[in-house]
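Structure first, then comments.
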Amino acid sequence: MSLLIKNGEIVTSGDRFVADVYCEGETITRIGRGLEAPKDATVIDARGKYVFPGFIDPHVHIHLPFMGTYAKDTYTTASQAALVGGTTTLIEMVCPSRKDPVLKSYELWLGKAEGKSACDFTFHMGVSRYDDVVEAELNEIVKSGISSFKIFLAYKDFFGVTDQELSNVLRLAKRLGVIVTAHCENADLVFELQKRLLGEGKTGPKWHYWSRPPLVEAEGVHHLGTFAQMHGTHVYVVHTSCEESLHAALRARERGVNIWVETLIQYLTLDMRDAERPAFQGSKFVMSPPLRDVRNQEVFWNALRQGMVSTVATDHAPFDFKGQKDMGKADFTRIPNGIPSLEDRVTVLWTHGVDQGRLNLHQFVDCGSTQAAKLFGLFPRKGTIAVGSDADLVVWDAKYRGKITARKQHMNVDYNPFEGWAITGRPHAVTVRGEVAAKDGKFIGTIGRGKLIKRDPTHF
Ligand SMILES: [Zn+2]
């Protein structure tokens with residue numbers, strides 16, 4: 001099996017040049033001008049198009065038992081959605097609750113992915129309690145090729161860890177050379193505010209924001225930074241939504257804490273007014289932390305340009321409007337949290353980032369792919385275009401004009417948060433390890449070909 005992508009303009013986080021890319025089997029083996037391919041090779045003419053490394057979404061939920069229901073996607077639907085949108089590798093959160101056994105949970109999540117995914121994948125291992133058994137099992141999981149953890153400072157008594165557990169997880173992570181990703185919100189303050197708002201009869205989706213204001217998130221980031229500093233552990237703040245939290249992370253960094261920041265495509269393009277839409281439509285825009293005041297958007301575009309924010313992810317968590325979001329009709333605290341966007345992250349980042357002059361091409365590749373690969377031990381196998389790297393490539397059609405609509409999406413959910421939005425570019429062809437898996441909005445890949453990508457601890 002060989003693949004030749006001819007005459008494209010190759011763009012990585014650091015380089016930009018016109019060349020052909022030749023792939024033998026699953027790997028890029030030559031990059032140069034005028035490359036020849038055997039007769040049976042697949043040839044894609046990329047003249048007038050960009051060639052980007054496959055995009056990586058470092059924060060995705062697929063199997064997700066949460067708030068009394070389950071997120072809607074399976075690996076079969078989610079990986080198709082990812083690929084059509086240009087994402088060739090995703091990192092899913094394994095989210096066991098405090099009661100669940102750790103190793104068994106990892107095996108459960110892995111079983112939902114293996115043989116069912118069309119794109120490559122790996123996991124952040126969720127840690128929701130800590131004892132000797134958990135520690136031993138985490139050691140095993142890291143040895144098997146999972147080199148990042150996930151902890152929740154929110155969702156007390158379900159996913160959330162105590163401060164003692166937080167400290168233990170960070171100590172273990174430091175010893176193993178593992179990076180810890182963290183959901184940062186002060187659980188007690190959220191609980192208190194929820195009670196107060198509901199007591200005042202404030203039950204609609206728009207009150208979700210007021211139960212988790214910026215300070216509550218910033219406290220979580222500061223808290224994480226303090227504990228990370230004690231242990232010297234590398235930490236990564238997931239779904240950073242507001243200036244207050246960004247500042248808390250940057251202040252920690254100034255003190256020497258090894259802290260990285262992720263934001264989401266939703267925070268860059270949607271805002272709290274979406275959760276105020278009438279007729280309970282606002283529930284489609286309920287996630288945690290909540291969508292923020294619109295002024296935060298330029299703060300984050302700026303921070304991306306300056307490298308203060310490393311990655312743009314989705315926290316993809318699809319719950320139907322009918323039958324799931326409406327569980328919270330009388331009480332916003334019962335609305336399943338999540339705004340689906342795995343399929344549209346890259347095209348929306350292109351349209352609102354590159355096309356509107358907020359990001360250059362290198363920054364687009366960097367925050368959409370390369371940084372995630374570097375932080376989570378996938379680089380240079382993923383996240384760049386180089387001889388020896390996996391042939392995960394996105395041939396980008398910048399002349400495409402179209403509209404996002406739930407009717408045509410591959411995600412298994414009954415709405416799209418970007419419904420009706422114009423898109424000014426999309427993948428023409430997407431390859432996973434040398435096989436063309438999507439073309440012009442259509443999935444043509446192979447379900448089950450996606451692989452678990454094993455990662456060594458990074459240690460930095
Ligand atoms: Zn998440």
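Chain lettering (A, B, ...) mirrors the order of the structure tokens, residue numbering begins at 1 for each chain separately, and ligand numbering begins at 1 in order of display.
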
What's around Glu24 (chain A) at 12 Å? Count only C-alpha atoms, leave out sequence neighbours fewer than 2 positions away in its own chain, and write the answer as JSON, numbers by chain. {"A": [1, 2, 3, 4, 5, 21, 22, 26, 27, 28, 29, 30, 31, 37, 38, 40, 41, 42, 387, 388, 389, 390, 391, 433, 434, 435]}

Distance filter 7 Å around ligand 1, atoms: only C-alpha atoms and all ligand atoms, out as a compact mmCIF listing (two decimals) with C-alpha atoms, in the first residue's frame:
# COMPACT_ATOMS: atom_id res chain seq x y z
CA HIS A 59 -9.98 15.97 25.23
CA VAL A 60 -12.90 13.81 24.09
CA HIS A 61 -15.63 11.78 25.82
CA MET A 93 -10.94 10.51 29.09
CA ASP A 315 -14.41 18.21 25.59

Apply DSSP to the structure's backbone, then extract all residues of region 141-277 of chain A labelled alpha helix (DSSP H) and return them as an NGL selection string. :A and (141-143 or 163-176 or 187-199 or 207-211 or 214-231 or 243-254 or 265-269)

Report as a ChimeraX atom specification: the residues of region 124-320 of chain A with a DSSP assignment of strand (DSSP E or B), based on the backbone of this structure. /A:124-126,148-152,160,179-183,235-237,259-264,311-313,316

What's around Thr89 (chain A) at 8 Å? Count only C-alpha atoms, leave out sequence neighbours fewer than 2 positions away in its own chain, and write the answer as a ChimeraX atom specification. /A:54-57,87,91,119-122

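Our summary of the geometry notes that CA of Trp260 (chain A) is positioned 9.0 Å from CA of Thr181 (chain A).
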
Out of A:Val238, A:Met230, A:Met125, A:Met67, which residue has the shortest atom-to-atom distance to Met327 (chain A) when counting only C-alpha atoms? A:Met67

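Among A:Leu270, A:Leu166, A:Leu264, A:Ala218, the residue with the shortest atom-to-atom distance to His247 (chain A), counting only C-alpha atoms, is A:Ala218.
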
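If you measure from each of A:Asp15, A:Val436, A:Gly8, A:Gln266 to His316 (chain A) using only C-alpha atoms, the closest one turns out to be A:Gln266.
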
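Among the candidates A:Asp100, A:Asp397, A:Asp271, A:Asp293, the one nearest to Thr347 (chain A) when counting only C-alpha atoms is A:Asp397.
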
Contacts of Pro58 (chain A) at 12 Å (only C-alpha atoms; same-chain gap of 5+ positions) as a PyMOL selection string: chain A and resi 82+87-93+120-124+148+150+181+236-239+261-264+310-316+342+345+367-378+383

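Residues in contact with Ile385 (chain A) at up to 8 Å, not including ones fewer than 5 positions away on its chain and judged by only C-alpha atoms, are Ile10, Thr12, Ile28, Phe52, Pro53, Ala391 and Leu393 of chain A.
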
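Note that CA of Asp414 (chain A) and CA of Gly204 (chain A) are 20.6 Å apart.
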
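The environment of Arg449 (chain A) within 8 Å, counting only C-alpha atoms and disregarding residues fewer than 5 places along the same chain, consists of Gly115, Lys116, Ser117, Ala118 and Cys119 of chain A.
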
Spatial neighbours of Thr69 (chain A), max dist 8 Å, only C-alpha atoms, sep filter under 4 positions, as an MDAnalysis selection string: chainID A and resid 65 324 336

Output the selection as a PDB file, in the first residue's frame - N, CA and C atoms for each residue.
ATOM      1  N   PRO A  65     -20.662   7.517  31.205  1.00  0.00           N
ATOM      2  CA  PRO A  65     -21.815   7.445  32.097  1.00  0.00           C
ATOM      3  C   PRO A  65     -21.791   8.689  32.988  1.00  0.00           C
ATOM      4  N   GLN A 324     -32.476  13.828  26.818  1.00  0.00           N
ATOM      5  CA  GLN A 324     -31.322  13.901  27.728  1.00  0.00           C
ATOM      6  C   GLN A 324     -31.169  15.296  28.333  1.00  0.00           C
ATOM      7  N   PRO A 336     -27.541  17.290  31.501  1.00  0.00           N
ATOM      8  CA  PRO A 336     -26.237  16.672  31.224  1.00  0.00           C
ATOM      9  C   PRO A 336     -25.290  17.696  30.579  1.00  0.00           C
TER      10      PRO A 336
END

CA of Ala248 (chain A) sits from CA of His208 (chain A) at a separation of 22.3 Å

Between A:Ser211, A:Gln356, A:Asn302, A:Gln80, smallest distance to Val190 (chain A) by only C-alpha atoms belongs to A:Ser211
